[in-house]
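Colleague: Contents of entry-v8.txt (compact mmCIF, C-alpha atoms and all ligand atoms) are below:
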# COMPACT_ATOMS: atom_id res chain seq x y z
CA MET A 1 34.52 -12.77 6.39
CA ASP A 2 31.82 -12.42 9.01
CA ALA A 3 33.00 -11.99 12.54
CA ILE A 4 31.23 -14.52 14.75
CA ALA A 5 30.42 -13.02 18.12
CA PRO A 6 32.52 -14.78 20.80
CA GLN A 7 29.48 -15.21 23.03
CA ASP A 8 27.91 -17.40 20.33
CA ALA A 9 27.11 -20.86 21.56
CA PRO A 10 29.16 -23.60 19.90
CA ILE A 11 28.01 -25.62 16.91
CA LEU A 12 26.97 -29.18 17.69
CA ILE A 13 27.96 -31.91 15.24
CA VAL A 14 26.19 -35.23 15.54
CA ASP A 15 27.48 -38.12 13.43
CA ASP A 16 28.17 -41.74 14.30
CA ASP A 17 31.29 -41.58 12.10
CA ALA A 18 34.20 -40.21 14.19
CA ILE A 19 36.26 -39.35 11.09
CA ILE A 20 33.54 -37.13 9.61
CA ARG A 21 33.16 -35.44 12.99
CA SER A 22 36.82 -34.57 13.24
CA LEU A 23 37.02 -33.36 9.62
CA MET A 24 34.01 -31.13 10.22
CA ARG A 25 35.43 -29.85 13.48
CA ALA A 26 38.76 -28.99 11.79
CA SER A 27 37.00 -27.19 8.97
CA LEU A 28 34.76 -25.11 11.25
CA GLU A 29 37.48 -24.40 13.81
CA SER A 30 39.69 -23.04 11.05
CA ASP A 31 36.98 -20.38 10.68
CA GLY A 32 37.09 -19.54 14.37
CA LEU A 33 33.86 -21.37 15.21
CA GLY A 34 33.44 -23.31 18.46
CA VAL A 35 32.46 -26.94 18.03
CA ILE A 36 31.16 -29.74 20.24
CA GLU A 37 30.54 -33.32 19.12
CA ALA A 38 27.98 -36.03 19.76
CA ALA A 39 28.32 -39.60 18.52
CA SER A 40 24.59 -40.40 18.54
CA GLY A 41 21.13 -38.87 18.37
CA GLU A 42 20.61 -39.64 22.06
CA GLU A 43 23.81 -37.84 23.03
CA ALA A 44 22.93 -34.82 20.85
CA ARG A 45 19.51 -34.63 22.46
CA ALA A 46 21.01 -34.68 25.96
CA ILE A 47 23.47 -31.90 25.06
CA CYS A 48 20.67 -29.75 23.61
CA ALA A 49 18.64 -30.27 26.77
CA SER A 50 21.30 -28.63 28.92
CA SER A 51 22.39 -25.82 26.59
CA VAL A 52 21.17 -24.80 23.16
CA PRO A 53 23.87 -24.80 20.44
CA SER A 54 23.94 -22.01 17.85
CA LEU A 55 23.55 -24.65 15.13
CA LEU A 56 23.13 -28.40 14.86
CA ILE A 57 24.71 -30.28 11.97
CA ALA A 58 23.11 -33.71 11.93
CA ASP A 59 23.83 -36.90 10.07
CA VAL A 60 20.70 -38.63 8.80
CA VAL A 61 21.47 -42.30 9.17
CA MET A 62 22.53 -43.18 12.70
CA PRO A 63 21.75 -46.13 14.95
CA GLY A 64 19.11 -45.35 17.59
CA ILE A 65 17.57 -41.92 17.13
CA ASP A 66 18.25 -41.02 13.48
CA GLY A 67 18.59 -37.48 12.08
CA PHE A 68 14.88 -37.09 11.18
CA GLU A 69 13.69 -38.28 14.57
CA LEU A 70 16.23 -36.05 16.35
CA CYS A 71 15.02 -33.09 14.33
CA ARG A 72 11.39 -33.75 15.23
CA LEU A 73 12.19 -34.22 18.92
CA LEU A 74 14.14 -30.96 19.09
CA ARG A 75 11.47 -28.99 17.24
CA ALA A 76 8.89 -30.14 19.77
CA ARG A 77 10.74 -28.40 22.62
CA PRO A 78 10.38 -24.61 22.91
CA GLU A 79 14.11 -24.13 23.66
CA THR A 80 15.17 -25.68 20.37
CA ALA A 81 12.06 -25.02 18.30
CA PHE A 82 13.87 -22.36 16.26
CA MET A 83 17.47 -23.58 16.53
CA PRO A 84 19.00 -23.82 13.04
CA ILE A 85 19.44 -27.46 11.96
CA LEU A 86 21.55 -28.47 8.98
CA MET A 87 21.00 -32.04 7.79
CA ALA A 88 23.75 -33.91 5.97
CA THR A 89 22.15 -36.06 3.24
CA GLY A 90 23.10 -37.61 -0.09
CA LEU A 91 22.20 -35.32 -3.02
CA ASP A 92 20.61 -38.08 -5.09
CA ASP A 93 18.37 -38.97 -2.17
CA VAL A 94 15.49 -36.57 -2.89
CA SER A 95 13.10 -38.30 -0.53
CA SER A 96 15.56 -37.87 2.37
CA ILE A 97 15.86 -34.17 1.59
CA MET A 98 12.10 -33.82 1.65
CA ARG A 99 11.83 -35.79 4.87
CA ALA A 100 14.52 -33.58 6.39
CA TYR A 101 12.52 -30.42 5.65
CA GLU A 102 9.33 -32.06 6.86
CA ALA A 103 11.03 -32.99 10.12
CA GLY A 104 11.88 -29.30 10.59
CA ALA A 105 15.41 -29.01 9.19
CA THR A 106 16.50 -25.48 8.30
CA ASP A 107 18.56 -26.64 5.34
CA PHE A 108 20.65 -29.57 4.13
CA ILE A 109 24.18 -30.13 2.93
CA VAL A 110 25.24 -32.77 0.50
CA LYS A 111 27.40 -35.71 1.40
CA PRO A 112 30.26 -36.20 0.64
CA ILE A 113 30.82 -32.79 2.13
CA ASN A 114 32.55 -29.98 0.27
CA TRP A 115 34.38 -28.36 3.21
CA LEU A 116 34.69 -24.91 1.70
CA LEU A 117 30.96 -24.86 0.95
CA LEU A 118 30.19 -26.12 4.46
CA ASN A 119 31.86 -23.12 6.09
CA HIS A 120 30.01 -20.67 3.83
CA ARG A 121 26.72 -22.40 4.46
CA VAL A 122 27.28 -22.45 8.22
CA ARG A 123 28.14 -18.76 8.35
CA TYR A 124 25.04 -17.92 6.35
CA ILE A 125 22.78 -20.01 8.58
CA LEU A 126 24.23 -18.51 11.76
CA ARG A 127 23.66 -15.03 10.42
CA ALA A 128 20.11 -15.79 9.31
CA GLY A 129 19.43 -17.53 12.63
CA ARG A 130 20.51 -14.42 14.56
CA ALA A 131 18.32 -12.21 12.36
CA PHE A 132 15.32 -14.47 12.96
CA ASP A 133 16.02 -14.48 16.69
CA GLU A 134 16.00 -10.71 16.74
CA LEU A 135 12.78 -10.57 14.72
CA ARG A 136 11.10 -13.04 17.07
CA GLN A 137 12.27 -11.10 20.14
CA ASN A 138 11.07 -7.81 18.65
CA GLN A 139 7.75 -9.34 17.81
CA ASP A 140 7.39 -10.70 21.35
CA ARG A 141 8.27 -7.29 22.76
CA LEU A 142 5.76 -5.56 20.47
CA ILE A 143 2.99 -7.99 21.37
CA ALA A 144 3.74 -7.57 25.09
CA ALA A 145 3.78 -3.78 24.74
CA LYS A 146 0.49 -3.80 22.84
CA ASP A 147 -1.16 -6.10 25.41
CA ALA A 148 0.05 -3.85 28.23
CA ALA A 149 -1.25 -0.74 26.47
CA VAL A 150 -4.65 -2.30 25.81
CA ALA A 151 -4.93 -3.47 29.43
CA ALA A 152 -3.88 -0.05 30.75
CA SER A 153 -6.36 1.73 28.53
CA ARG A 154 -9.15 -0.60 29.63
CA ALA A 155 -8.23 -0.14 33.29
CA LYS A 156 -8.24 3.63 32.84
CA SER A 157 -11.66 3.62 31.17
CA GLU A 158 -13.10 1.36 33.86
CA PHE A 159 -11.63 3.54 36.56
CA LEU A 160 -13.10 6.68 34.99
CA ALA A 161 -16.49 5.07 34.54
CA ASN A 162 -16.59 3.88 38.17
CA MET A 163 -15.31 7.16 39.56
CA SER A 164 -17.75 9.23 37.52
CA HIS A 165 -20.59 7.12 38.76
CA GLU A 166 -19.53 7.48 42.40
CA LEU A 167 -19.06 11.23 42.00
CA ARG A 168 -22.52 11.74 40.57
CA THR A 169 -24.30 10.29 43.58
CA PRO A 170 -23.34 12.97 46.16
CA LEU A 171 -23.87 15.65 43.50
CA ASN A 172 -27.55 14.77 43.42
CA ALA A 173 -27.84 15.91 47.05
CA ILE A 174 -25.69 19.01 46.50
CA ILE A 175 -27.63 20.18 43.45
CA GLY A 176 -31.02 19.13 44.80
CA PHE A 177 -30.82 20.81 48.21
CA SER A 178 -29.04 23.95 47.03
CA SER A 179 -31.74 24.44 44.37
CA ILE A 180 -34.44 24.07 47.06
CA MET A 181 -32.69 26.74 49.12
CA ARG A 182 -32.14 29.03 46.12
CA ASP A 183 -35.82 28.80 45.23
CA ALA A 184 -36.75 29.44 48.89
CA MET A 185 -39.08 26.47 48.84
CA PHE A 186 -39.41 26.39 52.63
CA GLY A 187 -39.67 30.09 53.23
CA PRO A 188 -37.62 33.21 52.62
CA LEU A 189 -33.85 33.19 53.00
CA ASP A 190 -31.41 35.97 53.68
CA PRO A 191 -30.47 37.30 50.17
CA LYS A 192 -26.79 36.49 50.72
CA TYR A 193 -27.67 32.87 51.53
CA ALA A 194 -29.93 32.70 48.48
CA GLU A 195 -27.07 33.97 46.30
CA PHE A 196 -24.67 31.40 47.76
CA SER A 197 -27.19 28.62 47.28
CA ALA A 198 -27.54 29.62 43.62
CA LEU A 199 -23.75 29.51 43.30
CA ILE A 200 -23.63 26.04 44.85
CA ALA A 201 -26.36 24.82 42.46
CA ASP A 202 -24.62 26.33 39.40
CA SER A 203 -21.24 24.91 40.36
CA GLY A 204 -22.85 21.56 41.06
CA ASN A 205 -24.51 21.53 37.65
CA HIS A 206 -21.24 22.51 36.00
CA LEU A 207 -19.42 19.70 37.80
CA LEU A 208 -22.16 17.28 36.80
CA ALA A 209 -21.74 18.24 33.14
CA ILE A 210 -17.99 17.62 33.38
CA ILE A 211 -18.49 14.26 35.08
CA ASN A 212 -21.04 13.26 32.45
CA SER A 213 -18.59 14.04 29.65
CA ILE A 214 -15.88 12.02 31.38
CA LEU A 215 -18.28 9.13 31.79
CA ASP A 216 -19.27 9.39 28.11
CA ILE A 217 -15.72 9.49 26.82
CA ALA A 218 -14.74 6.57 29.08
CA LYS A 219 -17.70 4.60 27.73
CA ALA A 220 -16.83 5.55 24.16
CA GLU A 221 -13.23 4.43 24.61
CA SER A 222 -14.29 1.07 26.00
CA ASN A 223 -16.93 0.70 23.25
CA GLN A 224 -19.80 0.78 25.74
CA LEU A 225 -21.51 3.78 24.20
CA LEU A 226 -24.50 2.41 22.32
CA LEU A 227 -27.05 4.14 20.13
CA LYS A 228 -30.76 4.11 20.86
CA GLU A 229 -31.90 4.65 17.31
CA GLU A 230 -35.31 5.88 16.25
CA THR A 231 -36.81 8.03 13.54
CA VAL A 232 -35.99 11.63 14.40
CA ASP A 233 -37.09 15.05 13.22
CA LEU A 234 -33.94 16.93 12.28
CA ALA A 235 -35.55 20.38 12.29
CA ARG A 236 -36.78 19.85 15.84
CA ILE A 237 -33.35 18.70 17.05
CA ALA A 238 -31.69 21.67 15.35
CA GLY A 239 -34.19 24.08 16.89
CA PHE A 240 -33.69 22.63 20.35
CA SER A 241 -29.86 22.78 20.07
CA MET A 242 -29.95 26.36 18.77
CA SER A 243 -32.15 27.46 21.64
CA LEU A 244 -29.69 25.99 24.14
CA VAL A 245 -26.72 27.95 22.76
CA GLY A 246 -28.86 31.02 21.97
CA ASP A 247 -28.41 32.61 25.40
CA MET A 248 -24.70 32.04 25.34
CA ALA A 249 -24.49 33.62 21.87
CA LYS A 250 -26.55 36.65 22.88
CA LYS A 251 -24.37 37.27 25.94
CA ALA A 252 -21.26 36.99 23.76
CA GLU A 253 -22.78 39.35 21.17
CA ILE A 254 -22.58 36.79 18.41
CA ASP A 255 -24.96 36.58 15.50
CA CYS A 256 -25.94 32.89 15.61
CA ARG A 257 -28.36 31.56 12.99
CA ALA A 258 -29.44 28.28 11.46
CA SER A 259 -30.48 27.39 7.94
CA ILE A 260 -32.16 24.04 7.67
CA ALA A 261 -33.13 22.48 4.35
CA PRO A 262 -36.94 22.24 4.15
CA ASN A 263 -38.77 18.93 4.00
CA LEU A 264 -35.94 16.70 5.21
CA PRO A 265 -37.24 13.14 5.31
CA PRO A 266 -37.28 11.27 8.62
CA PHE A 267 -33.78 10.40 9.75
CA PHE A 268 -32.77 7.30 11.66
CA ALA A 269 -30.51 8.15 14.59
CA ASP A 270 -30.08 8.53 18.36
CA SER A 271 -31.89 11.78 19.05
CA PRO A 272 -30.17 12.92 22.30
CA LYS A 273 -26.79 12.11 20.80
CA LEU A 274 -27.52 14.12 17.64
CA SER A 275 -28.46 17.06 19.87
CA GLN A 276 -25.26 16.56 21.82
CA ILE A 277 -23.25 16.68 18.58
CA LEU A 278 -24.90 19.95 17.56
CA ILE A 279 -24.69 21.53 21.02
CA ASN A 280 -20.99 20.65 21.39
CA LEU A 281 -20.08 22.04 17.97
CA LEU A 282 -22.28 25.13 18.28
CA SER A 283 -21.04 25.96 21.76
CA ASN A 284 -17.43 25.65 20.56
CA ALA A 285 -18.23 27.98 17.65
CA VAL A 286 -19.78 30.55 20.01
CA LYS A 287 -17.09 30.11 22.66
CA PHE A 288 -14.17 30.60 20.29
CA THR A 289 -15.63 33.56 18.42
CA PRO A 290 -15.04 37.11 19.68
CA PRO A 291 -17.95 39.56 20.16
CA GLY A 292 -19.41 40.85 16.90
CA GLY A 293 -18.66 37.54 15.18
CA ARG A 294 -20.90 35.17 13.31
CA VAL A 295 -21.95 31.53 13.75
CA ARG A 296 -23.96 29.60 11.16
CA LEU A 297 -25.53 26.17 11.35
CA THR A 298 -26.48 24.65 8.02
CA ILE A 299 -28.27 21.33 7.73
CA GLU A 300 -28.64 20.05 4.19
CA ARG A 301 -28.39 17.02 1.93
CA HIS A 302 -25.46 16.65 -0.42
CA GLY A 303 -25.81 15.60 -4.04
CA ASP A 304 -25.29 11.94 -3.12
CA GLY A 305 -28.03 12.14 -0.51
CA ASP A 306 -25.73 12.28 2.52
CA LEU A 307 -26.80 14.48 5.39
CA ALA A 308 -24.43 17.25 6.49
CA PHE A 309 -24.34 19.39 9.61
CA ARG A 310 -22.14 22.37 8.91
CA ILE A 311 -21.12 24.63 11.79
CA GLU A 312 -19.25 27.69 10.65
CA ASP A 313 -17.77 30.47 12.77
CA SER A 314 -15.73 33.63 12.22
CA GLY A 315 -13.71 33.00 15.39
CA ILE A 316 -10.11 32.52 16.46
CA GLY A 317 -9.67 29.32 14.42
CA MET A 318 -6.93 26.72 14.78
CA SER A 319 -3.77 26.10 12.81
CA ALA A 320 -3.62 22.68 11.13
CA ASP A 321 -0.84 21.42 13.40
CA LYS A 322 -3.04 21.97 16.47
CA LEU A 323 -5.97 19.88 15.20
CA PRO A 324 -4.73 16.57 16.62
CA LEU A 325 -4.48 18.21 20.05
CA ALA A 326 -8.01 19.63 19.78
CA LEU A 327 -9.29 16.14 18.91
CA SER A 328 -7.52 14.32 21.73
CA PRO A 329 -9.29 13.79 25.08
CA PHE A 330 -8.61 16.74 27.41
CA GLY A 331 -6.71 18.47 24.58
CA GLN A 332 -7.12 22.25 24.46
CA ILE A 333 -5.23 24.73 22.38
CA ASP A 334 -3.45 27.40 24.32
CA SER A 335 -4.50 30.60 22.61
CA GLY A 336 -1.49 32.48 23.96
CA LEU A 337 -3.52 34.67 26.29
CA ALA A 338 -4.40 33.42 29.73
CA ARG A 339 -7.13 30.82 29.26
CA LYS A 340 -10.42 32.60 29.27
CA TYR A 341 -12.56 29.83 27.84
CA GLU A 342 -14.48 27.38 29.93
CA GLY A 343 -14.33 23.68 29.21
CA ILE A 344 -12.16 20.65 29.77
CA GLY A 345 -11.38 19.50 26.24
CA LEU A 346 -13.73 16.54 25.94
CA GLY A 347 -16.28 18.02 23.53
CA LEU A 348 -14.55 17.41 20.22
CA PRO A 349 -13.26 13.86 20.82
CA LEU A 350 -16.67 12.84 22.15
CA THR A 351 -18.49 14.53 19.26
CA LYS A 352 -16.26 12.72 16.78
CA ARG A 353 -17.10 9.38 18.42
CA LEU A 354 -20.81 10.15 18.45
CA ILE A 355 -20.70 10.99 14.73
CA GLU A 356 -18.74 7.83 13.95
CA LEU A 357 -21.20 5.74 15.95
CA HIS A 358 -23.76 6.99 13.42
CA ASP A 359 -21.49 5.77 10.56
CA GLY A 360 -20.60 9.39 9.86
CA THR A 361 -17.40 11.40 9.56
CA MET A 362 -16.29 14.67 11.10
CA THR A 363 -14.02 17.09 9.26
CA ILE A 364 -12.58 20.33 10.53
CA ASP A 365 -11.51 23.16 8.24
CA SER A 366 -9.92 25.88 10.23
CA GLU A 367 -7.49 28.72 9.93
CA ALA A 368 -5.99 30.60 12.85
CA GLY A 369 -7.51 34.08 13.07
CA LYS A 370 -10.06 33.41 10.31
CA GLY A 371 -12.56 30.91 11.67
CA THR A 372 -13.59 27.30 11.64
CA VAL A 373 -15.94 25.05 9.70
CA VAL A 374 -16.81 21.70 11.24
CA THR A 375 -18.78 19.32 9.05
CA ALA A 376 -20.50 16.19 10.30
CA ARG A 377 -21.56 13.95 7.44
CA PHE A 378 -23.94 11.01 7.74
CA PRO A 379 -24.72 8.38 5.11
CA ALA A 380 -27.85 8.75 3.00
CA ALA A 381 -28.92 5.28 4.11
CA ARG A 382 -30.03 6.81 7.42
CA PHE A 383 -32.83 8.61 5.58
CA ARG A 384 -35.25 5.75 5.70
CA PRO A 385 -38.05 4.74 7.92
CA VAL A 386 -36.61 1.78 9.75
CA ASP A 387 -38.76 -0.26 12.05
CA ALA A 388 -37.59 -1.73 15.32
CA ALA A 389 -37.08 -5.23 13.92
CA SER A 390 -34.69 -4.24 11.16
CA SER A 391 -32.85 -1.95 13.56
CA LEU A 392 -32.24 -5.00 15.72
CA VAL A 393 -30.99 -6.92 12.68
CA ARG A 394 -28.65 -4.02 11.86
CA ARG A 395 -27.32 -4.08 15.40
CA ILE A 396 -26.67 -7.81 15.37
CA ALA A 397 -25.12 -7.73 11.90
CA GLY A 398 -22.98 -4.76 12.92
N1 LIG B 401 -14.71 26.42 16.66
C1 LIG B 401 -13.49 26.45 17.21
N2 LIG B 401 -12.66 27.50 16.98
C2 LIG B 401 -11.44 27.53 17.54
N3 LIG B 401 -10.93 26.60 18.34
C3 LIG B 401 -11.71 25.53 18.61
C4 LIG B 401 -13.01 25.41 18.08
N4 LIG B 401 -13.54 24.25 18.52
C5 LIG B 401 -12.61 23.69 19.29
N5 LIG B 401 -11.50 24.44 19.38
C6 LIG B 401 -10.25 24.14 20.11
O1 LIG B 401 -10.24 22.75 20.40
C7 LIG B 401 -10.16 22.56 21.81
C8 LIG B 401 -10.94 21.32 22.20
O2 LIG B 401 -12.32 21.53 22.02
P1 LIG B 401 -13.31 20.70 22.93
O3 LIG B 401 -12.89 19.27 22.86
O4 LIG B 401 -14.70 21.03 22.54
O5 LIG B 401 -12.98 21.20 24.39
P2 LIG B 401 -13.42 22.48 25.22
O6 LIG B 401 -14.50 23.16 24.45
O7 LIG B 401 -13.89 21.91 26.51
O8 LIG B 401 -12.18 23.30 25.38
C9 LIG B 401 -10.68 23.83 22.42
O9 LIG B 401 -10.18 24.03 23.71
C10 LIG B 401 -10.17 24.86 21.44
O10 LIG B 401 -8.84 25.16 21.71
MG MG B 402 -16.15 22.25 23.62
Translate the structure described by the file into structure tokens.
Ligand SMILES: Nc1ncnc2c1ncn2[C@@H]1O[C@H](COP(=O)(O)OP(=O)(O)O)[C@@H](O)[C@H]1O
Ligand SMILES: [Mg+2]
Modeller:
Amino acid sequence: MDAIAPQDAPILIVDDDAIIRSLMRASLESDGLGVIEAASGEEARAICASSVPSLLIADVVMPGIDGFELCRLLRARPETAFMPILMATGLDDVSSIMRAYEAGATDFIVKPINWLLLNHRVRYILRAGRAFDELRQNQDRLIAAKDAAVAASRAKSEFLANMSHELRTPLNAIIGFSSIMRDAMFGPLDPKYAEFSALIADSGNHLLAIINSILDIAKAESNQLLLKEETVDLARIAGFSMSLVGDMAKKAEIDCRASIAPNLPPFFADSPKLSQILINLLSNAVKFTPPGGRVRLTIERHGDGDLAFRIEDSGIGMSADKLPLALSPFGQIDSGLARKYEGIGLGLPLTKRLIELHDGTMTIDSEAGKGTVVTARFPAARFRPVDAASSLVRRIAG
């Protein structure tokens, strides 16, 4: 037999027939259940208003508020909206049974009452009622936790966006004036001062790049990063991106080359963002490849017409279990040695978002010690001359 928790509220019996009430009470009490009685619908309603019973067993036909009406009134109040209600009806009275369910009854028992069956039914309903209560509470908790997480994430993104903006303003002066001094625009400067000015300008530019990535990732996370799409020349974008990482590759003694499929048709995309994708992936490839290594950029169309950027390196690679870290904002893999690589861990998550904004996917194939292949794949549908009007339609439909 189920143990009924002692803290369980009592069962309320409402019936205008005192004999039925006392028989029911005796039957339930013999099972260790607590019972209170009401002689009318009005009385039952008043009791429920002050404390919610674990179960209500209600007679249907009563003077004043009858069982159906009582059921409806209780269901309308939040405190008793989910309280189990057992209606006592005649079995042959199908329409009463239906009305009982419609009024919100949990179940019904047949009159004249089979006492043994009543106790079983009551225990079952109490158990089910507790299970439902727990489910409802868990659901409420989950919804509250999700709402809190969403609000916190939004607050964080807004904070980052505002902060980044505020930080950029004074940097304009720092970078601007230190560059003027470095370039000796107003006359010669002691060489030491010129060197320091160059350092200030470089550090300022570095800080600006970091702040810009933070701003971008904050925008991406709050879905404020939008594409300015146009028809772009992929070969030109690839050439530009390669030239930007070229210096870095030469200094690091890395053989960095691109192979771009000839005659690629015009591609519809956000040109600066495509460059950013390539620069981020290429600079990672160069950065995480030791001297003497190799970096290859391949741009080609797959059999199904999709466009693929493939960035391959012979560098330090990543083990599969570290990939989620590499993809998370500010996530960087500790290579065991003291950190000798520059960066703050925003490149990959941002690149992934930029690719996805273009309806593409990013995959990383990597092996520790062997190297890495990152592939960005974009749908073939982007190979089409799209005019401004249909781009607007796309945007609205999207
Ligand atoms: N091509 C690569 N080879 C090896 N490790 C990589 C490569 N690209 C990224 N990673 C790892 O993923 C981390 C996150 O990359 P990223 O988001 O671009 O940040 P960052 O370059 O600023 O460190 C890097 O710190 C590095 O540990
Ligand atoms: Mg990077």
Colleague: When you look at A:Gly345 with a cut-off of 6 Å (counting only C-alpha atoms), what residues show up, excluding the ones that are within fewer than 3 positions of it in the same chain? I need them as a list in words.
Modeller: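 Here the qualifying residues turn out to be Phe330, Gly331 and Gln332 of chain A.
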Colleague: Taking all atoms listed in the file into account, which residues are within 12 Å of ligand MG 402 (chain B), as a short mmCIF file (atom, residue, chain, number, x, y, z; two decimals) with C-alpha atoms, keeping the file's coordinate frame?
Modeller:
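result08.cif, written as the output of this step:
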data_model
loop_
_atom_site.label_atom_id
_atom_site.label_comp_id
_atom_site.auth_asym_id
_atom_site.auth_seq_id
_atom_site.Cartn_x
_atom_site.Cartn_y
_atom_site.Cartn_z
CA ALA A 209 -21.74 18.24 33.14
CA ILE A 210 -17.99 17.62 33.38
CA SER A 213 -18.59 14.04 29.65
CA GLN A 276 -25.26 16.56 21.82
CA ILE A 277 -23.25 16.68 18.58
CA LEU A 278 -24.90 19.95 17.56
CA ILE A 279 -24.69 21.53 21.02
CA ASN A 280 -20.99 20.65 21.39
CA LEU A 281 -20.08 22.04 17.97
CA LEU A 282 -22.28 25.13 18.28
CA SER A 283 -21.04 25.96 21.76
CA ASN A 284 -17.43 25.65 20.56
CA ALA A 285 -18.23 27.98 17.65
CA VAL A 286 -19.78 30.55 20.01
CA LYS A 287 -17.09 30.11 22.66
CA PHE A 288 -14.17 30.60 20.29
CA ALA A 326 -8.01 19.63 19.78
CA LEU A 327 -9.29 16.14 18.91
CA SER A 328 -7.52 14.32 21.73
CA PRO A 329 -9.29 13.79 25.08
CA PHE A 330 -8.61 16.74 27.41
CA GLY A 331 -6.71 18.47 24.58
CA GLN A 332 -7.12 22.25 24.46
CA ILE A 333 -5.23 24.73 22.38
CA TYR A 341 -12.56 29.83 27.84
CA GLU A 342 -14.48 27.38 29.93
CA GLY A 343 -14.33 23.68 29.21
CA ILE A 344 -12.16 20.65 29.77
CA GLY A 345 -11.38 19.50 26.24
CA LEU A 346 -13.73 16.54 25.94
CA GLY A 347 -16.28 18.02 23.53
CA LEU A 348 -14.55 17.41 20.22
CA PRO A 349 -13.26 13.86 20.82
CA LEU A 350 -16.67 12.84 22.15
CA THR A 351 -18.49 14.53 19.26
CA LYS A 352 -16.26 12.72 16.78
#
Colleague: With all atoms listed in the file as the basis for distance, which of A:Met24, A:Ile11, A:Ala76, A:Ala308 is at the shortest distance from A:Ile47?
Modeller: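 Closest candidate: A:Ile11.
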Colleague: In Å, rounded to a single decimal, give me how far atom CA of A:Phe240 is from atom CA of A:Gly303.
Modeller: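 Result for atom CA of A:Gly303 versus atom CA of A:Phe240: 26.6 Å, one decimal.
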Colleague: Mind listing whatever residues come within 7 Å of the point (-11.4, 35.3, 15.3)? Use all atoms listed in the file, file coordinates, and give them as a PDB file with C-alpha atoms, in the coordinates of the input.
Modeller:
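Printed below is point-v9.pdb as written:
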ATOM      1  CA  THR A 289     -15.630  33.560  18.420  1.00  0.00           C
ATOM      2  CA  PRO A 290     -15.040  37.110  19.680  1.00  0.00           C
ATOM      3  CA  SER A 314     -15.730  33.630  12.220  1.00  0.00           C
ATOM      4  CA  GLY A 315     -13.710  33.000  15.390  1.00  0.00           C
ATOM      5  CA  ILE A 316     -10.110  32.520  16.460  1.00  0.00           C
ATOM      6  CA  GLY A 317      -9.670  29.320  14.420  1.00  0.00           C
ATOM      7  CA  GLY A 369      -7.510  34.080  13.070  1.00  0.00           C
ATOM      8  CA  LYS A 370     -10.060  33.410  10.310  1.00  0.00           C
ATOM      9  CA  GLY A 371     -12.560  30.910  11.670  1.00  0.00           C
TER      10      GLY A 371
END
Colleague: How many Å separate atom CA of A:Glu37 from atom CA of A:Val94?
Modeller: 26.9 Å
Colleague: In Å to one decimal, how far is atom CA of A:Asn212 from atom CA of A:Phe177?
Modeller: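 Computing it gives 20.0 Å between the two atoms.
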Colleague: Is it possible to get the axis-aligned box enclosing stretch 124-131 of chain A (all listed atoms, 3 Å extra per side) as AutoDock Vina command-line options, with centre and edge lengths in Å rounded to one decimal?
Modeller:
--center_x 21.7 --center_y -16.1 --center_z 10.5 --size_x 12.7 --size_y 13.8 --size_z 14.2
